[in-house]
Amino acid sequence: MSKIDKVVLAYSGGLDTSIILKWIKTNYDCDVVTMTADLGQGEEMEGIEDKALNTGAVKAYVEDLREEFVRDYVFPAFRAGALYEGRYLLGTAIARPLISKRMVEIAEMEGCQAVAHGATGKGNDQVRFELATMALNPKLTTIAPWRDWDLKSRTDLLDFAKENQIPVPVSRKKPWSIDANLLHTSFEGGELEDPWNAPGPDCYRNVVPLEMAPDEPEEITIDFEAGDPVAINNVKHSPAALLAKLNELGGKHGIGRVDMVENRFVGMKSRGVYETPGGTIMHIAHRDLEGVAMDREVMHLRDSLIPKYAEMIYYGYWFSPEREALQAMIDKTQEKVTGTVRLKLYKGNCVPLGRKSPFSMYNPELATFEEDYVYDQSDAAGFIKLVGLRLKGRMQQSKWGGKESDDTCE
Ligand code: ARG
């Protein structure tokens, strides 16, 4: 492998990535440029640049990617109705490709030969970072210190920090591995490693426990255009501002917590607790609007592809020909998903109360239980006779056990 002179590192400013910064610098005898992405995780970005430079970076990028994140990653996935294993709204998985994209851009600008991340060797995130990097610039190498170094325990890490004058925060180490952005907060590890253990009170961040949700329900409307939410209660918002607003509403009413054991791409099962307050409201409202504005066969076809599409995101194949092909098809299905959904938020529930669309395919004349003039009920008898024909055939098949008979059914 050719010599690595310069590396761009995904840097959070926390202890682990500060150690990684120092370790790479020493181990590879190279320059390190850091990239810290603001994806709406709610952490202070102020001071990160100084911190990176003081820890030895030659340059520190702090990038506000919030709008791009919601507009170009979250919204496309929500147009698809993406859900992994029926429950996970992919809050972490959908953020990784954007972080990688920005890292690759910076690597190219800065003339780096490698990108580095602080994901461990056991998780999905390493795969996502590296597949995205490979897709966007195959010439770049990835450095993943967690897989390479001989710092085996927390004590080793702290010793390394002390030896290298890296300040160690005095606060007790968080009992979880947390990943947060505008779409979600995830909790893994610690007491959650026993899947029978209920998450304790500390395992809440932006969503209130159900017991603390207000006794009064709240009604809201969301306007959609071509599958994307654009306004709440008739007030237009940018994508990031809209999601932030829905997070506030959902969080307050205890909406959007999921506790599940999922299948990681790297082979093991793992337990995660996710808070996705705004995303959950968005997902429910969007699906409800499709009820009036989407053709039946288009919907069923798209629905059959949701597990596959979600798997592509979860596995890290965002920048892949198959995801892009599917996205083109999905976006086509969304052209008429425009309209308004009315919802009630109440104690963990998000309940659609009504929906309307200028492209509604709902025809009250057809659907009515009253007398109508457009649908001839006697047509239904012939329809059922034909669609059921093969079921009658099956009964004959088992009755005759393969022998011929003239005993035909009606
Ligand atoms: N299990 C989720 C996923 O794979 C969340 C991962 C959270 N990542 C983290 N570094 N804490 O998408």
# chains A, B, ... in the order shown; residues from 1 in each chain; ligands from 1
>>> residues_near_ligand(ligand="ligand 1", cutoff="7 Å", atoms="only C-alpha atoms and all ligand atoms", output="mmCIF file with N, CA and C atoms, in the first residue's frame")
data_model
loop_
_atom_site.group_PDB
_atom_site.id
_atom_site.type_symbol
_atom_site.label_atom_id
_atom_site.label_comp_id
_atom_site.auth_asym_id
_atom_site.auth_seq_id
_atom_site.Cartn_x
_atom_site.Cartn_y
_atom_site.Cartn_z
ATOM 1 N N LEU A 90 -34.685 3.426 10.628
ATOM 2 C CA LEU A 90 -33.366 3.554 10.006
ATOM 3 C C LEU A 90 -32.610 4.850 10.332
ATOM 4 N N GLY A 91 -32.929 5.415 11.497
ATOM 5 C CA GLY A 91 -32.339 6.705 11.872
ATOM 6 C C GLY A 91 -30.823 6.795 11.797
ATOM 7 N N THR A 92 -30.121 5.767 12.199
ATOM 8 C CA THR A 92 -28.656 5.798 12.111
ATOM 9 C C THR A 92 -28.200 5.448 10.699
ATOM 10 N N ALA A 93 -28.802 4.398 10.162
ATOM 11 C CA ALA A 93 -28.367 3.874 8.858
ATOM 12 C C ALA A 93 -28.448 4.929 7.755
ATOM 13 N N ALA A 119 -15.997 3.686 14.159
ATOM 14 C CA ALA A 119 -16.970 2.608 14.372
ATOM 15 C C ALA A 119 -16.231 1.327 14.733
ATOM 16 N N GLY A 123 -20.185 -3.718 14.456
ATOM 17 C CA GLY A 123 -21.463 -3.103 14.113
ATOM 18 C C GLY A 123 -21.710 -2.939 12.627
ATOM 19 N N ASN A 124 -22.865 -2.361 12.330
ATOM 20 C CA ASN A 124 -23.248 -2.069 10.951
ATOM 21 C C ASN A 124 -22.561 -0.812 10.423
ATOM 22 N N ASP A 125 -22.247 0.112 11.325
ATOM 23 C CA ASP A 125 -21.790 1.426 10.868
ATOM 24 C C ASP A 125 -20.495 1.367 10.066
ATOM 25 N N SER A 177 -24.371 3.027 24.223
ATOM 26 C CA SER A 177 -23.846 3.587 22.994
ATOM 27 C C SER A 177 -25.009 4.352 22.375
ATOM 28 N N ILE A 178 -24.841 5.675 22.266
ATOM 29 C CA ILE A 178 -25.931 6.508 21.757
ATOM 30 C C ILE A 178 -25.549 7.053 20.397
ATOM 31 N N ASP A 179 -26.479 7.040 19.481
ATOM 32 C CA ASP A 179 -26.257 7.759 18.223
ATOM 33 C C ASP A 179 -27.477 8.635 17.993
ATOM 34 N N SER A 186 -30.625 6.628 19.200
ATOM 35 C CA SER A 186 -30.606 5.190 19.463
ATOM 36 C C SER A 186 -29.841 4.908 20.743
ATOM 37 N N PHE A 187 -30.266 3.900 21.432
ATOM 38 C CA PHE A 187 -29.576 3.423 22.642
ATOM 39 C C PHE A 187 -29.284 1.940 22.454
ATOM 40 N N GLU A 188 -28.029 1.576 22.695
ATOM 41 C CA GLU A 188 -27.657 0.158 22.626
ATOM 42 C C GLU A 188 -26.656 -0.128 23.739
ATOM 43 N N ARG A 264 -28.341 -7.665 12.793
ATOM 44 C CA ARG A 264 -27.292 -6.849 12.186
ATOM 45 C C ARG A 264 -26.786 -7.517 10.924
ATOM 46 N N GLY A 272 -31.914 -2.837 20.438
ATOM 47 C CA GLY A 272 -31.827 -1.386 20.345
ATOM 48 C C GLY A 272 -33.108 -0.730 20.813
ATOM 49 N N TYR A 314 -30.107 -0.344 5.399
ATOM 50 C CA TYR A 314 -29.559 -0.908 6.634
ATOM 51 C C TYR A 314 -28.174 -1.523 6.392
#
>>> closest_atom_pairs(of="segment 21-59 of chain A", to="segment 64-74 of chain A", cutoff="12 Å", atoms="only C-alpha atoms", output="CSV")
residue,atom,partner,partner_atom,distance
A:Met35,CA,A:Asp64,CA,10.7
A:Thr36,CA,A:Asp64,CA,8.7
A:Ala37,CA,A:Asp64,CA,6.1
A:Asp38,CA,A:Asp64,CA,4.7
A:Leu39,CA,A:Arg66,CA,4.7
A:Gly40,CA,A:Arg66,CA,6.0
A:Gln41,CA,A:Arg66,CA,9.4
A:Gly42,CA,A:Arg66,CA,11.0
A:Glu44,CA,A:Asp64,CA,11.9
A:Met45,CA,A:Asp64,CA,9.4
A:Glu46,CA,A:Asp64,CA,12.0
>>> atom_distance(atom1="atom CA of Gly254 of chain A", atom2="atom CA of Val208 of chain A")
4.8 Å
>>> closest_atom_pairs(of="segment 325-381 of chain A", to="segment 278-293 of chain A", cutoff="10 Å", atoms="only C-alpha atoms", output="CSV")
residue,atom,partner,partner_atom,distance
A:Thr333,CA,A:Glu290,CA,9.7
A:Gln334,CA,A:Glu290,CA,8.5
A:Glu335,CA,A:Ala293,CA,9.6
A:Lys336,CA,A:Ala293,CA,6.3
A:Val337,CA,A:Ala293,CA,5.6
A:Thr338,CA,A:Ala293,CA,7.5
A:Gly339,CA,A:Leu289,CA,7.0
A:Thr340,CA,A:Leu289,CA,7.2
A:Val341,CA,A:Ala285,CA,6.1
A:Arg342,CA,A:Ala285,CA,8.0
A:Leu343,CA,A:Ala285,CA,7.5
A:Lys344,CA,A:Ile281,CA,9.9
A:Leu345,CA,A:Ile281,CA,8.7
A:Asn349,CA,A:Ile281,CA,9.1
A:Cys350,CA,A:Ile281,CA,6.3
A:Val351,CA,A:Ile284,CA,8.1
A:Pro352,CA,A:Ala285,CA,6.8
A:Leu353,CA,A:Asp288,CA,9.7
A:Gly354,CA,A:Asp288,CA,8.8
A:Arg355,CA,A:Leu289,CA,6.2
A:Lys356,CA,A:Leu289,CA,7.4
A:Ser357,CA,A:Ala293,CA,6.6
A:Pro358,CA,A:Ala293,CA,8.4
A:Phe359,CA,A:Ala293,CA,5.7
A:Ser360,CA,A:Ala293,CA,4.7
A:Met361,CA,A:Ala293,CA,5.7
A:Tyr362,CA,A:Val292,CA,5.6
A:Asn363,CA,A:Val292,CA,9.4
>>> write_last_selection(atoms="N, CA, C and O atoms", output="mmCIF file, in the first residue's frame")
data_model
loop_
_atom_site.group_PDB
_atom_site.id
_atom_site.type_symbol
_atom_site.label_atom_id
_atom_site.label_comp_id
_atom_site.auth_asym_id
_atom_site.auth_seq_id
_atom_site.Cartn_x
_atom_site.Cartn_y
_atom_site.Cartn_z
ATOM 1 N N THR A 333 -43.903 6.721 -8.021
ATOM 2 C CA THR A 333 -45.169 6.407 -7.330
ATOM 3 C C THR A 333 -45.652 7.565 -6.454
ATOM 4 O O THR A 333 -46.789 7.563 -6.002
ATOM 5 N N GLN A 334 -44.769 8.527 -6.190
ATOM 6 C CA GLN A 334 -45.095 9.590 -5.244
ATOM 7 C C GLN A 334 -45.595 10.868 -5.909
ATOM 8 O O GLN A 334 -45.960 11.819 -5.230
ATOM 9 N N GLU A 335 -45.599 10.874 -7.237
ATOM 10 C CA GLU A 335 -45.924 12.122 -7.945
ATOM 11 C C GLU A 335 -47.256 12.722 -7.524
ATOM 12 O O GLU A 335 -47.422 13.933 -7.476
ATOM 13 N N LYS A 336 -48.218 11.843 -7.188
ATOM 14 C CA LYS A 336 -49.547 12.346 -6.840
ATOM 15 C C LYS A 336 -49.828 12.275 -5.337
ATOM 16 O O LYS A 336 -50.965 12.451 -4.900
ATOM 17 N N VAL A 337 -48.803 11.974 -4.559
ATOM 18 C CA VAL A 337 -49.021 11.877 -3.104
ATOM 19 C C VAL A 337 -48.911 13.288 -2.510
ATOM 20 O O VAL A 337 -47.946 13.659 -1.846
ATOM 21 N N THR A 338 -49.926 14.058 -2.828
ATOM 22 C CA THR A 338 -50.017 15.461 -2.434
ATOM 23 C C THR A 338 -51.343 15.619 -1.715
ATOM 24 O O THR A 338 -52.347 15.050 -2.148
ATOM 25 N N GLY A 339 -51.332 16.379 -0.624
ATOM 26 C CA GLY A 339 -52.589 16.577 0.097
ATOM 27 C C GLY A 339 -52.331 16.827 1.565
ATOM 28 O O GLY A 339 -51.206 17.146 1.963
ATOM 29 N N THR A 340 -53.368 16.658 2.363
ATOM 30 C CA THR A 340 -53.285 17.005 3.779
ATOM 31 C C THR A 340 -53.829 15.867 4.630
ATOM 32 O O THR A 340 -54.838 15.256 4.279
ATOM 33 N N VAL A 341 -53.139 15.607 5.725
ATOM 34 C CA VAL A 341 -53.607 14.593 6.679
ATOM 35 C C VAL A 341 -53.833 15.286 8.015
ATOM 36 O O VAL A 341 -53.061 16.145 8.431
ATOM 37 N N ARG A 342 -54.934 14.922 8.650
ATOM 38 C CA ARG A 342 -55.281 15.478 9.962
ATOM 39 C C ARG A 342 -55.027 14.386 10.993
ATOM 40 O O ARG A 342 -55.481 13.244 10.805
ATOM 41 N N LEU A 343 -54.312 14.714 12.051
ATOM 42 C CA LEU A 343 -53.908 13.674 13.002
ATOM 43 C C LEU A 343 -54.160 14.091 14.438
ATOM 44 O O LEU A 343 -54.091 15.283 14.778
ATOM 45 N N LYS A 344 -54.408 13.087 15.258
ATOM 46 C CA LYS A 344 -54.502 13.321 16.705
ATOM 47 C C LYS A 344 -53.283 12.699 17.377
ATOM 48 O O LYS A 344 -52.951 11.537 17.126
ATOM 49 N N LEU A 345 -52.622 13.472 18.244
ATOM 50 C CA LEU A 345 -51.469 12.974 18.994
ATOM 51 C C LEU A 345 -51.907 12.796 20.440
ATOM 52 O O LEU A 345 -52.379 13.749 21.071
ATOM 53 N N ASN A 349 -49.756 7.693 20.859
ATOM 54 C CA ASN A 349 -50.446 7.354 19.609
ATOM 55 C C ASN A 349 -50.454 8.515 18.643
ATOM 56 O O ASN A 349 -50.532 9.672 19.046
ATOM 57 N N CYS A 350 -50.411 8.170 17.375
ATOM 58 C CA CYS A 350 -50.557 9.163 16.325
ATOM 59 C C CYS A 350 -51.644 8.613 15.415
ATOM 60 O O CYS A 350 -51.447 7.617 14.712
ATOM 61 N N VAL A 351 -52.828 9.226 15.506
ATOM 62 C CA VAL A 351 -54.013 8.633 14.886
ATOM 63 C C VAL A 351 -54.540 9.532 13.767
ATOM 64 O O VAL A 351 -54.947 10.670 14.030
ATOM 65 N N PRO A 352 -54.541 9.051 12.537
ATOM 66 C CA PRO A 352 -55.132 9.853 11.465
ATOM 67 C C PRO A 352 -56.629 10.052 11.703
ATOM 68 O O PRO A 352 -57.339 9.115 12.079
ATOM 69 N N LEU A 353 -57.082 11.296 11.540
ATOM 70 C CA LEU A 353 -58.516 11.591 11.715
ATOM 71 C C LEU A 353 -59.181 11.877 10.379
ATOM 72 O O LEU A 353 -60.402 11.765 10.246
ATOM 73 N N GLY A 354 -58.397 12.317 9.410
ATOM 74 C CA GLY A 354 -58.960 12.639 8.104
ATOM 75 C C GLY A 354 -57.848 12.908 7.121
ATOM 76 O O GLY A 354 -56.708 13.121 7.510
ATOM 77 N N ARG A 355 -58.177 12.825 5.831
ATOM 78 C CA ARG A 355 -57.179 13.070 4.787
ATOM 79 C C ARG A 355 -57.882 13.587 3.556
ATOM 80 O O ARG A 355 -59.056 13.267 3.321
ATOM 81 N N LYS A 356 -57.169 14.444 2.786
ATOM 82 C CA LYS A 356 -57.714 14.924 1.518
ATOM 83 C C LYS A 356 -56.581 15.173 0.534
ATOM 84 O O LYS A 356 -55.457 15.474 0.939
ATOM 85 N N SER A 357 -56.908 15.018 -0.751
ATOM 86 C CA SER A 357 -55.884 15.215 -1.777
ATOM 87 C C SER A 357 -56.541 15.699 -3.056
ATOM 88 O O SER A 357 -57.601 15.201 -3.426
ATOM 89 N N PRO A 358 -55.887 16.660 -3.741
ATOM 90 C CA PRO A 358 -56.419 17.061 -5.049
ATOM 91 C C PRO A 358 -56.362 15.897 -6.039
ATOM 92 O O PRO A 358 -57.042 15.923 -7.060
ATOM 93 N N PHE A 359 -55.563 14.881 -5.743
ATOM 94 C CA PHE A 359 -55.450 13.716 -6.633
ATOM 95 C C PHE A 359 -56.148 12.497 -6.040
ATOM 96 O O PHE A 359 -55.814 11.363 -6.386
ATOM 97 N N SER A 360 -57.081 12.736 -5.144
ATOM 98 C CA SER A 360 -57.735 11.610 -4.493
ATOM 99 C C SER A 360 -58.389 10.684 -5.515
ATOM 100 O O SER A 360 -59.031 11.134 -6.452
ATOM 101 N N MET A 361 -58.194 9.376 -5.318
ATOM 102 C CA MET A 361 -58.843 8.392 -6.182
ATOM 103 C C MET A 361 -60.078 7.825 -5.488
ATOM 104 O O MET A 361 -60.733 6.921 -6.002
ATOM 105 N N TYR A 362 -60.332 8.338 -4.311
ATOM 106 C CA TYR A 362 -61.494 7.871 -3.552
ATOM 107 C C TYR A 362 -62.747 8.428 -4.216
ATOM 108 O O TYR A 362 -62.884 9.633 -4.392
ATOM 109 N N ASN A 363 -63.656 7.539 -4.581
ATOM 110 C CA ASN A 363 -64.856 7.975 -5.278
ATOM 111 C C ASN A 363 -66.064 7.662 -4.419
ATOM 112 O O ASN A 363 -66.484 6.508 -4.322
#
>>> select_by_dssp(residues="segment 83-244 of chain A", states="alpha helix (DSSP H)", output="NGL selection string")
:A and (96-110 or 125-136 or 145-148 or 154-163 or 239-244)
>>> closest_residue(among="A:Ser304, A:Thr141, A:Asn197, A:Ser2", to="Arg271 of chain A", atoms="only C-alpha atoms")
A:Asn197
>>> closest_residue(among="A:Asp150, A:Asp31, A:Glu219, A:Glu297", to="Ile4 of chain A", atoms="only C-alpha atoms")
A:Asp31
>>> select_by_dssp(residues="segment 52-165 of chain A", states="strand (DSSP E or B)", output="ChimeraX atom specification")
/A:59-64,84,88,114-116,141-143
>>> write_last_selection(atoms="N, CA, C and O atoms", output="JSON list (two decimals), in the first residue's frame")
[["chain", "number", "residue", "atom", "x", "y", "z"],
["A", 59, "LYS", "N", -6.29, 20.55, 10.37],
["A", 59, "LYS", "CA", -7.42, 21.38, 9.94],
["A", 59, "LYS", "C", -8.70, 20.70, 10.44],
["A", 59, "LYS", "O", -8.76, 19.47, 10.51],
["A", 60, "ALA", "N", -9.68, 21.52, 10.79],
["A", 60, "ALA", "CA", -10.92, 20.94, 11.32],
["A", 60, "ALA", "C", -12.12, 21.50, 10.57],
["A", 60, "ALA", "O", -12.32, 22.71, 10.54],
["A", 61, "TYR", "N", -12.88, 20.63, 9.97],
["A", 61, "TYR", "CA", -14.11, 21.04, 9.30],
["A", 61, "TYR", "C", -15.29, 20.78, 10.23],
["A", 61, "TYR", "O", -15.40, 19.69, 10.81],
["A", 62, "VAL", "N", -16.18, 21.77, 10.36],
["A", 62, "VAL", "CA", -17.43, 21.55, 11.09],
["A", 62, "VAL", "C", -18.55, 21.89, 10.10],
["A", 62, "VAL", "O", -18.64, 23.02, 9.63],
["A", 63, "GLU", "N", -19.34, 20.88, 9.75],
["A", 63, "GLU", "CA", -20.26, 21.02, 8.63],
["A", 63, "GLU", "C", -21.71, 20.92, 9.09],
["A", 63, "GLU", "O", -22.10, 19.93, 9.71],
["A", 64, "ASP", "N", -22.49, 21.93, 8.75],
["A", 64, "ASP", "CA", -23.91, 21.86, 9.05],
["A", 64, "ASP", "C", -24.62, 21.15, 7.90],
["A", 64, "ASP", "O", -24.86, 21.74, 6.85],
["A", 84, "TYR", "N", -37.14, -1.19, 8.57],
["A", 84, "TYR", "CA", -36.33, -2.40, 8.63],
["A", 84, "TYR", "C", -36.96, -3.36, 9.64],
["A", 84, "TYR", "O", -37.29, -2.97, 10.76],
["A", 88, "TYR", "N", -37.94, -0.61, 12.49],
["A", 88, "TYR", "CA", -36.87, 0.38, 12.64],
["A", 88, "TYR", "C", -36.89, 1.38, 11.47],
["A", 88, "TYR", "O", -36.78, 0.98, 10.31],
["A", 114, "ALA", "N", -6.68, 8.61, 2.69],
["A", 114, "ALA", "CA", -7.53, 7.71, 3.48],
["A", 114, "ALA", "C", -8.59, 8.49, 4.26],
["A", 114, "ALA", "O", -8.42, 9.67, 4.55],
["A", 115, "VAL", "N", -9.67, 7.80, 4.58],
["A", 115, "VAL", "CA", -10.67, 8.32, 5.52],
["A", 115, "VAL", "C", -10.66, 7.39, 6.73],
["A", 115, "VAL", "O", -10.33, 6.21, 6.60],
["A", 116, "ALA", "N", -11.01, 7.96, 7.90],
["A", 116, "ALA", "CA", -10.99, 7.14, 9.10],
["A", 116, "ALA", "C", -12.28, 7.34, 9.89],
["A", 116, "ALA", "O", -12.86, 8.42, 9.88],
["A", 141, "THR", "N", -8.51, 4.70, 0.88],
["A", 141, "THR", "CA", -8.39, 3.61, 1.85],
["A", 141, "THR", "C", -9.18, 4.00, 3.09],
["A", 141, "THR", "O", -9.33, 5.19, 3.37],
["A", 142, "THR", "N", -9.66, 3.02, 3.85],
["A", 142, "THR", "CA", -10.30, 3.34, 5.13],
["A", 142, "THR", "C", -9.43, 2.87, 6.28],
["A", 142, "THR", "O", -8.90, 1.76, 6.24],
["A", 143, "ILE", "N", -9.33, 3.72, 7.29],
["A", 143, "ILE", "CA", -8.65, 3.33, 8.53],
["A", 143, "ILE", "C", -9.72, 3.20, 9.61],
["A", 143, "ILE", "O", -10.49, 4.13, 9.83]]
>>> residues_around(residues="Trp23 of chain A", least_positions_apart="6", cutoff="9 Å", atoms="only C-alpha atoms", output="ChimeraX atom specification")
/A:145,149,160
